[in-house]
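Source file: data.txt (compact mmCIF, C-alpha atoms and all ligand atoms)
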# COMPACT_ATOMS: atom_id res chain seq x y z
CA MET A 279 0.00 0.00 0.00
CA PRO A 280 1.59 3.28 -1.05
CA LYS A 281 1.76 6.18 1.37
CA VAL A 282 0.73 9.72 0.66
CA ILE A 283 1.57 12.69 2.85
CA PHE A 284 -0.71 15.72 3.01
CA LYS A 285 0.71 18.89 4.56
CA SER A 286 -1.04 22.11 5.46
CA TYR A 287 -0.07 25.19 3.48
CA ASP A 288 2.33 26.42 6.15
CA GLY A 289 3.67 22.94 6.84
CA THR A 290 2.59 22.97 10.48
CA THR A 291 0.36 19.93 10.13
CA ARG A 292 1.17 16.71 8.36
CA LEU A 293 -0.98 13.65 7.76
CA GLU A 294 0.56 10.43 6.51
CA LEU A 295 -1.91 7.96 5.03
CA GLU A 296 -1.75 4.55 3.41
CA ALA A 297 -4.07 4.13 0.46
CA ASP A 298 -4.87 1.69 -2.30
CA ALA A 299 -2.95 2.11 -5.52
CA GLY A 300 -5.33 3.27 -8.24
CA GLU A 301 -7.16 5.79 -6.06
CA THR A 302 -7.03 9.50 -6.82
CA LEU A 303 -5.69 11.92 -4.25
CA LEU A 304 -9.17 13.44 -4.12
CA LYS A 305 -10.77 10.13 -3.11
CA ILE A 306 -8.03 9.47 -0.56
CA ALA A 307 -8.51 12.95 0.90
CA HIS A 308 -12.29 12.54 1.14
CA ALA A 309 -12.00 9.11 2.75
CA ASN A 310 -9.70 10.54 5.44
CA ASP A 311 -11.27 13.93 6.21
CA VAL A 312 -8.47 15.88 4.55
CA GLU A 313 -9.70 19.38 3.72
CA MET A 314 -9.83 19.09 -0.06
CA GLU A 315 -13.18 20.25 -1.39
CA GLY A 316 -13.41 18.61 -4.82
CA ALA A 317 -16.70 20.34 -5.64
CA CYS A 318 -17.07 18.81 -9.11
CA GLU A 319 -16.04 15.34 -7.86
CA GLY A 320 -13.31 14.92 -10.42
CA CYS A 321 -14.92 16.34 -13.57
CA MET A 322 -12.19 19.01 -13.89
CA ALA A 323 -14.71 21.83 -13.59
CA CYS A 324 -13.89 23.49 -10.25
CA SER A 325 -10.15 23.56 -9.29
CA THR A 326 -11.01 23.09 -5.59
CA CYS A 327 -8.86 19.95 -5.48
CA HIS A 328 -5.72 22.02 -6.20
CA VAL A 329 -2.61 20.65 -4.48
CA ILE A 330 1.00 21.80 -4.51
CA VAL A 331 3.21 18.80 -5.12
CA ASP A 332 6.62 18.53 -3.47
CA PRO A 333 9.13 19.37 -6.26
CA ASP A 334 10.92 16.01 -5.99
CA TRP A 335 7.64 14.20 -6.47
CA TYR A 336 6.29 16.50 -9.16
CA LYS A 337 8.84 15.13 -11.66
CA LYS A 338 7.60 11.59 -11.05
CA LEU A 339 3.96 12.31 -11.94
CA GLU A 340 2.42 11.66 -15.32
CA ASP A 341 2.20 14.87 -17.33
CA ALA A 342 -0.96 16.91 -16.83
CA SER A 343 -3.48 16.91 -19.69
CA GLU A 344 -4.35 20.13 -21.54
CA GLU A 345 -7.71 20.15 -19.74
CA GLU A 346 -6.01 19.93 -16.35
CA LEU A 347 -3.59 22.72 -17.24
CA ASP A 348 -6.48 24.92 -18.39
CA MET A 349 -8.28 24.39 -15.10
CA LEU A 350 -5.10 24.93 -13.08
CA ASP A 351 -4.68 28.33 -14.78
CA LEU A 352 -7.82 29.36 -12.89
CA ALA A 353 -6.71 27.99 -9.51
CA PHE A 354 -5.98 30.32 -6.61
CA GLY A 355 -2.28 30.48 -5.69
CA LEU A 356 -0.99 28.50 -8.67
CA THR A 357 2.64 27.33 -8.35
CA ALA A 358 5.11 25.64 -10.70
CA THR A 359 4.29 22.28 -9.08
CA SER A 360 0.51 22.66 -8.81
CA ARG A 361 -1.75 19.82 -9.88
CA LEU A 362 -5.38 18.81 -9.48
CA GLY A 363 -5.85 16.17 -6.80
CA CYS A 364 -8.61 14.53 -8.81
CA GLN A 365 -6.14 13.82 -11.62
CA ILE A 366 -3.31 12.29 -9.59
CA ILE A 367 -3.64 8.54 -9.31
CA LEU A 368 -1.62 6.95 -6.52
CA THR A 369 0.63 4.10 -7.67
CA ASP A 370 3.23 1.97 -5.92
CA THR A 371 5.97 4.02 -7.57
CA LEU A 372 4.50 7.12 -5.92
CA ASP A 373 4.93 5.62 -2.44
CA GLY A 374 5.69 8.62 -0.20
CA LEU A 375 4.10 11.22 -2.49
CA THR A 376 4.01 14.50 -0.60
CA VAL A 377 1.60 17.34 -1.36
CA ARG A 378 0.68 20.61 0.32
CA LEU A 379 -2.82 22.03 0.40
CA PRO A 380 -3.10 25.60 -0.92
CA ALA A 381 -3.99 28.48 1.41
CA GLU A 382 -7.31 28.88 -0.43
CA THR A 383 -9.13 27.42 -3.40
CA ARG A 384 -11.33 28.99 -6.06
CA ASN A 385 -14.49 27.16 -7.06
CA MET A 386 -14.99 27.72 -10.79
CA LEU A 387 -18.46 26.11 -10.60
CA ILE A 388 -19.87 29.14 -8.75
S1 LIG A 401 -12.53 17.99 -8.14
FE1 LIG A 401 -13.07 19.63 -9.44
S2 LIG A 401 -11.32 19.90 -10.67
FE2 LIG A 401 -10.76 18.29 -9.35

If you took the structure in this file and wrote it as structure tokens, what would it be?
Ligand code: FES
Amino acid sequence: MPKVIFKSYDGTTRLELEADAGETLLKIAHANDVEMEGACEGCMACSTCHVIVDPDWYKKLEDASEEELDMLDLAFGLTATSRLGCQIILTDTLDGLTVRLPAETRNMLI
């Protein structure tokens, strides 16, 4: 079971979880009461699942699709290692994946 580590924006809180490979970060967050909204439930229509991936891990992720990049452009507090949590699928090779939650999110559905 791969691990995923969620950190608060300022790094003061850290939650280390084990999850099934094949799950998205959004589903893992929802199953464990991590504060990731995910208003559109993975349809890439809201950007409220925005996460900031640790730079060392960012390089190991599959490239983002054009649709994901378009939605990320609308995310609050975009960084060079931002991704949508609903589009990151945990795999065994991502064991230890570390992400930070943004200070705020912007819901593009509203
Ligand atoms: S849950 Fe809405 S874009 Fe990811």

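If you look at CA of Ala317 (chain A) and CA of Asp334 (chain A), they are 28.0 Å away from each other.
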
Nearby polymer residues, ligand LIG 401 (chain A), at most 8 Å, only C-alpha atoms and all ligand atoms, as a PDB file with C-alpha atoms, keeping the file's coordinate frame:
ATOM      1  CA  LEU A 304      -9.170  13.440  -4.120  1.00  0.00           C
ATOM      2  CA  GLU A 315     -13.180  20.250  -1.390  1.00  0.00           C
ATOM      3  CA  GLY A 316     -13.410  18.610  -4.820  1.00  0.00           C
ATOM      4  CA  ALA A 317     -16.700  20.340  -5.640  1.00  0.00           C
ATOM      5  CA  CYS A 318     -17.070  18.810  -9.110  1.00  0.00           C
ATOM      6  CA  GLU A 319     -16.040  15.340  -7.860  1.00  0.00           C
ATOM      7  CA  GLY A 320     -13.310  14.920 -10.420  1.00  0.00           C
ATOM      8  CA  CYS A 321     -14.920  16.340 -13.570  1.00  0.00           C
ATOM      9  CA  MET A 322     -12.190  19.010 -13.890  1.00  0.00           C
ATOM     10  CA  ALA A 323     -14.710  21.830 -13.590  1.00  0.00           C
ATOM     11  CA  CYS A 324     -13.890  23.490 -10.250  1.00  0.00           C
ATOM     12  CA  SER A 325     -10.150  23.560  -9.290  1.00  0.00           C
ATOM     13  CA  THR A 326     -11.010  23.090  -5.590  1.00  0.00           C
ATOM     14  CA  CYS A 327      -8.860  19.950  -5.480  1.00  0.00           C
ATOM     15  CA  HIS A 328      -5.720  22.020  -6.200  1.00  0.00           C
ATOM     16  CA  GLU A 346      -6.010  19.930 -16.350  1.00  0.00           C
ATOM     17  CA  MET A 349      -8.280  24.390 -15.100  1.00  0.00           C
ATOM     18  CA  LEU A 362      -5.380  18.810  -9.480  1.00  0.00           C
ATOM     19  CA  GLY A 363      -5.850  16.170  -6.800  1.00  0.00           C
ATOM     20  CA  CYS A 364      -8.610  14.530  -8.810  1.00  0.00           C
ATOM     21  CA  GLN A 365      -6.140  13.820 -11.620  1.00  0.00           C
TER      22      GLN A 365
END

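Taking CA of Asp311 (chain A) and CA of Arg361 (chain A) as the two end points, the separation is 19.6 Å.
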
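Counting all atoms listed in the file, region 371-374 of chain A has the following residues at most 8 Å away, ignoring those fewer than 3 positions along the same chain: A:Met279, A:Pro280, A:Lys281, A:Val282, A:Ile283, A:Trp335, A:Lys338, A:Leu339, A:Leu368.
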
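Among the candidates A:Glu344, A:Asp288, A:Glu296, A:Glu301, the residue lying nearest to Pro380 (chain A) is A:Asp288 (atoms considered: only C-alpha atoms).
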
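Between Leu352 (chain A) and the candidates A:Glu340, A:Thr383, A:Phe284, A:Lys305, the tightest atom-to-atom separation, counting only C-alpha atoms, involves A:Thr383.
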
| said: Quick one: residues within 7 Å of Ile367 (chain A), all atoms listed in the file, excluding same-chain residues fewer than 5 positions away - as a list in words? | reply: Gly300, Glu301, Thr302 and Leu303 of chain A

Please determine an axis-aligned box that encloses all atoms of region 279-289 of chain A listed in the file, with 5 Å added on each side, and express its centre and edge lengths in Å to one decimal as JSON.
{"center_x": 1.3, "center_y": 13.2, "center_z": 2.9, "size_x": 14.7, "size_y": 36.4, "size_z": 17.9}

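The space between CA of Pro333 (chain A) and CA of Ser286 (chain A) spans 15.8 Å.
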
| Can you tell me, as a VMD selection string, what residues are no more than 9 Å from Val312 (chain A) when counting only C-alpha atoms, ignoring any on the same chain fewer than 5 positions away? | chain A and resid 284 293 306 to 307

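Using only C-alpha atoms, the shortest contact distance between Thr376 (chain A) and any of A:Ile330, A:Ala342, A:Leu350, A:Ala299 is found at A:Ile330.
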
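You can rank A:Met314, A:His308, A:Tyr336, A:Ala297 by their closest distance to Thr357 (chain A) using only C-alpha atoms, and at the top of that list sits A:Tyr336.
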
Take region 315-349 of chain A, bring it up to N, CA and C atoms, and give me the output as a PDB file, keeping the file's coordinate frame.
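So selection-v2.pdb came out as:
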ATOM      1  N   GLU A 315     -11.750  20.158  -1.089  1.00  0.00           N
ATOM      2  CA  GLU A 315     -13.180  20.250  -1.390  1.00  0.00           C
ATOM      3  C   GLU A 315     -13.591  19.299  -2.529  1.00  0.00           C
ATOM      4  N   GLY A 316     -13.029  19.490  -3.703  1.00  0.00           N
ATOM      5  CA  GLY A 316     -13.410  18.610  -4.820  1.00  0.00           C
ATOM      6  C   GLY A 316     -14.852  18.787  -5.221  1.00  0.00           C
ATOM      7  N   ALA A 317     -15.276  20.031  -5.413  1.00  0.00           N
ATOM      8  CA  ALA A 317     -16.700  20.340  -5.640  1.00  0.00           C
ATOM      9  C   ALA A 317     -17.289  19.631  -6.854  1.00  0.00           C
ATOM     10  N   CYS A 318     -16.510  19.427  -7.888  1.00  0.00           N
ATOM     11  CA  CYS A 318     -17.070  18.810  -9.110  1.00  0.00           C
ATOM     12  C   CYS A 318     -16.842  17.299  -9.119  1.00  0.00           C
ATOM     13  N   GLU A 319     -16.268  16.773  -8.032  1.00  0.00           N
ATOM     14  CA  GLU A 319     -16.040  15.340  -7.860  1.00  0.00           C
ATOM     15  C   GLU A 319     -15.205  14.722  -8.969  1.00  0.00           C
ATOM     16  N   GLY A 320     -14.258  15.477  -9.463  1.00  0.00           N
ATOM     17  CA  GLY A 320     -13.310  14.920 -10.420  1.00  0.00           C
ATOM     18  C   GLY A 320     -13.606  15.173 -11.873  1.00  0.00           C
ATOM     19  N   CYS A 321     -14.560  16.046 -12.174  1.00  0.00           N
ATOM     20  CA  CYS A 321     -14.920  16.340 -13.570  1.00  0.00           C
ATOM     21  C   CYS A 321     -14.051  17.444 -14.176  1.00  0.00           C
ATOM     22  N   MET A 322     -13.077  17.925 -13.450  1.00  0.00           N
ATOM     23  CA  MET A 322     -12.190  19.010 -13.890  1.00  0.00           C
ATOM     24  C   MET A 322     -12.984  20.270 -14.244  1.00  0.00           C
ATOM     25  N   ALA A 323     -13.885  20.644 -13.357  1.00  0.00           N
ATOM     26  CA  ALA A 323     -14.710  21.830 -13.590  1.00  0.00           C
ATOM     27  C   ALA A 323     -14.665  22.812 -12.431  1.00  0.00           C
ATOM     28  N   CYS A 324     -13.807  22.597 -11.415  1.00  0.00           N
ATOM     29  CA  CYS A 324     -13.890  23.490 -10.250  1.00  0.00           C
ATOM     30  C   CYS A 324     -12.532  24.019  -9.744  1.00  0.00           C
ATOM     31  N   SER A 325     -11.502  23.265  -9.804  1.00  0.00           N
ATOM     32  CA  SER A 325     -10.150  23.560  -9.290  1.00  0.00           C
ATOM     33  C   SER A 325     -10.042  23.546  -7.776  1.00  0.00           C
ATOM     34  N   THR A 326     -11.075  23.105  -7.054  1.00  0.00           N
ATOM     35  CA  THR A 326     -11.010  23.090  -5.590  1.00  0.00           C
ATOM     36  C   THR A 326     -10.224  21.899  -5.036  1.00  0.00           C
ATOM     37  N   CYS A 327      -9.699  21.073  -5.918  1.00  0.00           N
ATOM     38  CA  CYS A 327      -8.860  19.950  -5.480  1.00  0.00           C
ATOM     39  C   CYS A 327      -7.382  20.284  -5.720  1.00  0.00           C
ATOM     40  N   HIS A 328      -7.088  21.574  -5.935  1.00  0.00           N
ATOM     41  CA  HIS A 328      -5.720  22.020  -6.200  1.00  0.00           C
ATOM     42  C   HIS A 328      -4.779  21.586  -5.069  1.00  0.00           C
ATOM     43  N   VAL A 329      -3.661  20.976  -5.443  1.00  0.00           N
ATOM     44  CA  VAL A 329      -2.610  20.650  -4.480  1.00  0.00           C
ATOM     45  C   VAL A 329      -1.271  21.130  -5.038  1.00  0.00           C
ATOM     46  N   ILE A 330      -0.350  21.390  -4.129  1.00  0.00           N
ATOM     47  CA  ILE A 330       1.000  21.800  -4.510  1.00  0.00           C
ATOM     48  C   ILE A 330       1.902  20.603  -4.209  1.00  0.00           C
ATOM     49  N   VAL A 331       2.434  20.029  -5.269  1.00  0.00           N
ATOM     50  CA  VAL A 331       3.210  18.800  -5.120  1.00  0.00           C
ATOM     51  C   VAL A 331       4.655  19.144  -4.748  1.00  0.00           C
ATOM     52  N   ASP A 332       5.210  18.371  -3.826  1.00  0.00           N
ATOM     53  CA  ASP A 332       6.620  18.530  -3.470  1.00  0.00           C
ATOM     54  C   ASP A 332       7.445  18.435  -4.761  1.00  0.00           C
ATOM     55  N   PRO A 333       8.394  19.351  -4.990  1.00  0.00           N
ATOM     56  CA  PRO A 333       9.130  19.370  -6.260  1.00  0.00           C
ATOM     57  C   PRO A 333       9.780  18.037  -6.633  1.00  0.00           C
ATOM     58  N   ASP A 334      10.302  17.303  -5.665  1.00  0.00           N
ATOM     59  CA  ASP A 334      10.920  16.010  -5.990  1.00  0.00           C
ATOM     60  C   ASP A 334       9.911  15.006  -6.503  1.00  0.00           C
ATOM     61  N   TRP A 335       8.696  15.105  -6.024  1.00  0.00           N
ATOM     62  CA  TRP A 335       7.640  14.200  -6.470  1.00  0.00           C
ATOM     63  C   TRP A 335       6.983  14.660  -7.748  1.00  0.00           C
ATOM     64  N   TYR A 336       6.953  15.942  -7.963  1.00  0.00           N
ATOM     65  CA  TYR A 336       6.290  16.500  -9.160  1.00  0.00           C
ATOM     66  C   TYR A 336       6.844  15.860 -10.429  1.00  0.00           C
ATOM     67  N   LYS A 337       8.169  15.682 -10.458  1.00  0.00           N
ATOM     68  CA  LYS A 337       8.840  15.130 -11.660  1.00  0.00           C
ATOM     69  C   LYS A 337       8.416  13.685 -11.923  1.00  0.00           C
ATOM     70  N   LYS A 338       7.935  13.006 -10.901  1.00  0.00           N
ATOM     71  CA  LYS A 338       7.600  11.590 -11.050  1.00  0.00           C
ATOM     72  C   LYS A 338       6.149  11.374 -11.496  1.00  0.00           C
ATOM     73  N   LEU A 339       5.371  12.441 -11.537  1.00  0.00           N
ATOM     74  CA  LEU A 339       3.960  12.310 -11.940  1.00  0.00           C
ATOM     75  C   LEU A 339       3.831  12.243 -13.452  1.00  0.00           C
ATOM     76  N   GLU A 340       2.768  11.598 -13.901  1.00  0.00           N
ATOM     77  CA  GLU A 340       2.420  11.660 -15.320  1.00  0.00           C
ATOM     78  C   GLU A 340       2.175  13.124 -15.675  1.00  0.00           C
ATOM     79  N   ASP A 341       2.450  13.498 -16.914  1.00  0.00           N
ATOM     80  CA  ASP A 341       2.200  14.870 -17.330  1.00  0.00           C
ATOM     81  C   ASP A 341       0.707  15.209 -17.226  1.00  0.00           C
ATOM     82  N   ALA A 342       0.438  16.459 -16.895  1.00  0.00           N
ATOM     83  CA  ALA A 342      -0.960  16.910 -16.830  1.00  0.00           C
ATOM     84  C   ALA A 342      -1.521  17.035 -18.246  1.00  0.00           C
ATOM     85  N   SER A 343      -2.804  16.751 -18.388  1.00  0.00           N
ATOM     86  CA  SER A 343      -3.480  16.910 -19.690  1.00  0.00           C
ATOM     87  C   SER A 343      -3.695  18.406 -19.949  1.00  0.00           C
ATOM     88  N   GLU A 344      -4.025  18.743 -21.191  1.00  0.00           N
ATOM     89  CA  GLU A 344      -4.350  20.130 -21.540  1.00  0.00           C
ATOM     90  C   GLU A 344      -5.533  20.632 -20.712  1.00  0.00           C
ATOM     91  N   GLU A 345      -6.527  19.763 -20.513  1.00  0.00           N
ATOM     92  CA  GLU A 345      -7.710  20.150 -19.740  1.00  0.00           C
ATOM     93  C   GLU A 345      -7.330  20.470 -18.291  1.00  0.00           C
ATOM     94  N   GLU A 346      -6.448  19.666 -17.727  1.00  0.00           N
ATOM     95  CA  GLU A 346      -6.010  19.930 -16.350  1.00  0.00           C
ATOM     96  C   GLU A 346      -5.238  21.250 -16.281  1.00  0.00           C
ATOM     97  N   LEU A 347      -4.360  21.472 -17.244  1.00  0.00           N
ATOM     98  CA  LEU A 347      -3.590  22.720 -17.240  1.00  0.00           C
ATOM     99  C   LEU A 347      -4.504  23.928 -17.382  1.00  0.00           C
ATOM    100  N   ASP A 348      -5.532  23.801 -18.228  1.00  0.00           N
ATOM    101  CA  ASP A 348      -6.480  24.920 -18.390  1.00  0.00           C
ATOM    102  C   ASP A 348      -7.186  25.219 -17.080  1.00  0.00           C
ATOM    103  N   MET A 349      -7.588  24.174 -16.366  1.00  0.00           N
ATOM    104  CA  MET A 349      -8.280  24.390 -15.100  1.00  0.00           C
ATOM    105  C   MET A 349      -7.322  24.927 -14.036  1.00  0.00           C
TER     106      MET A 349
END
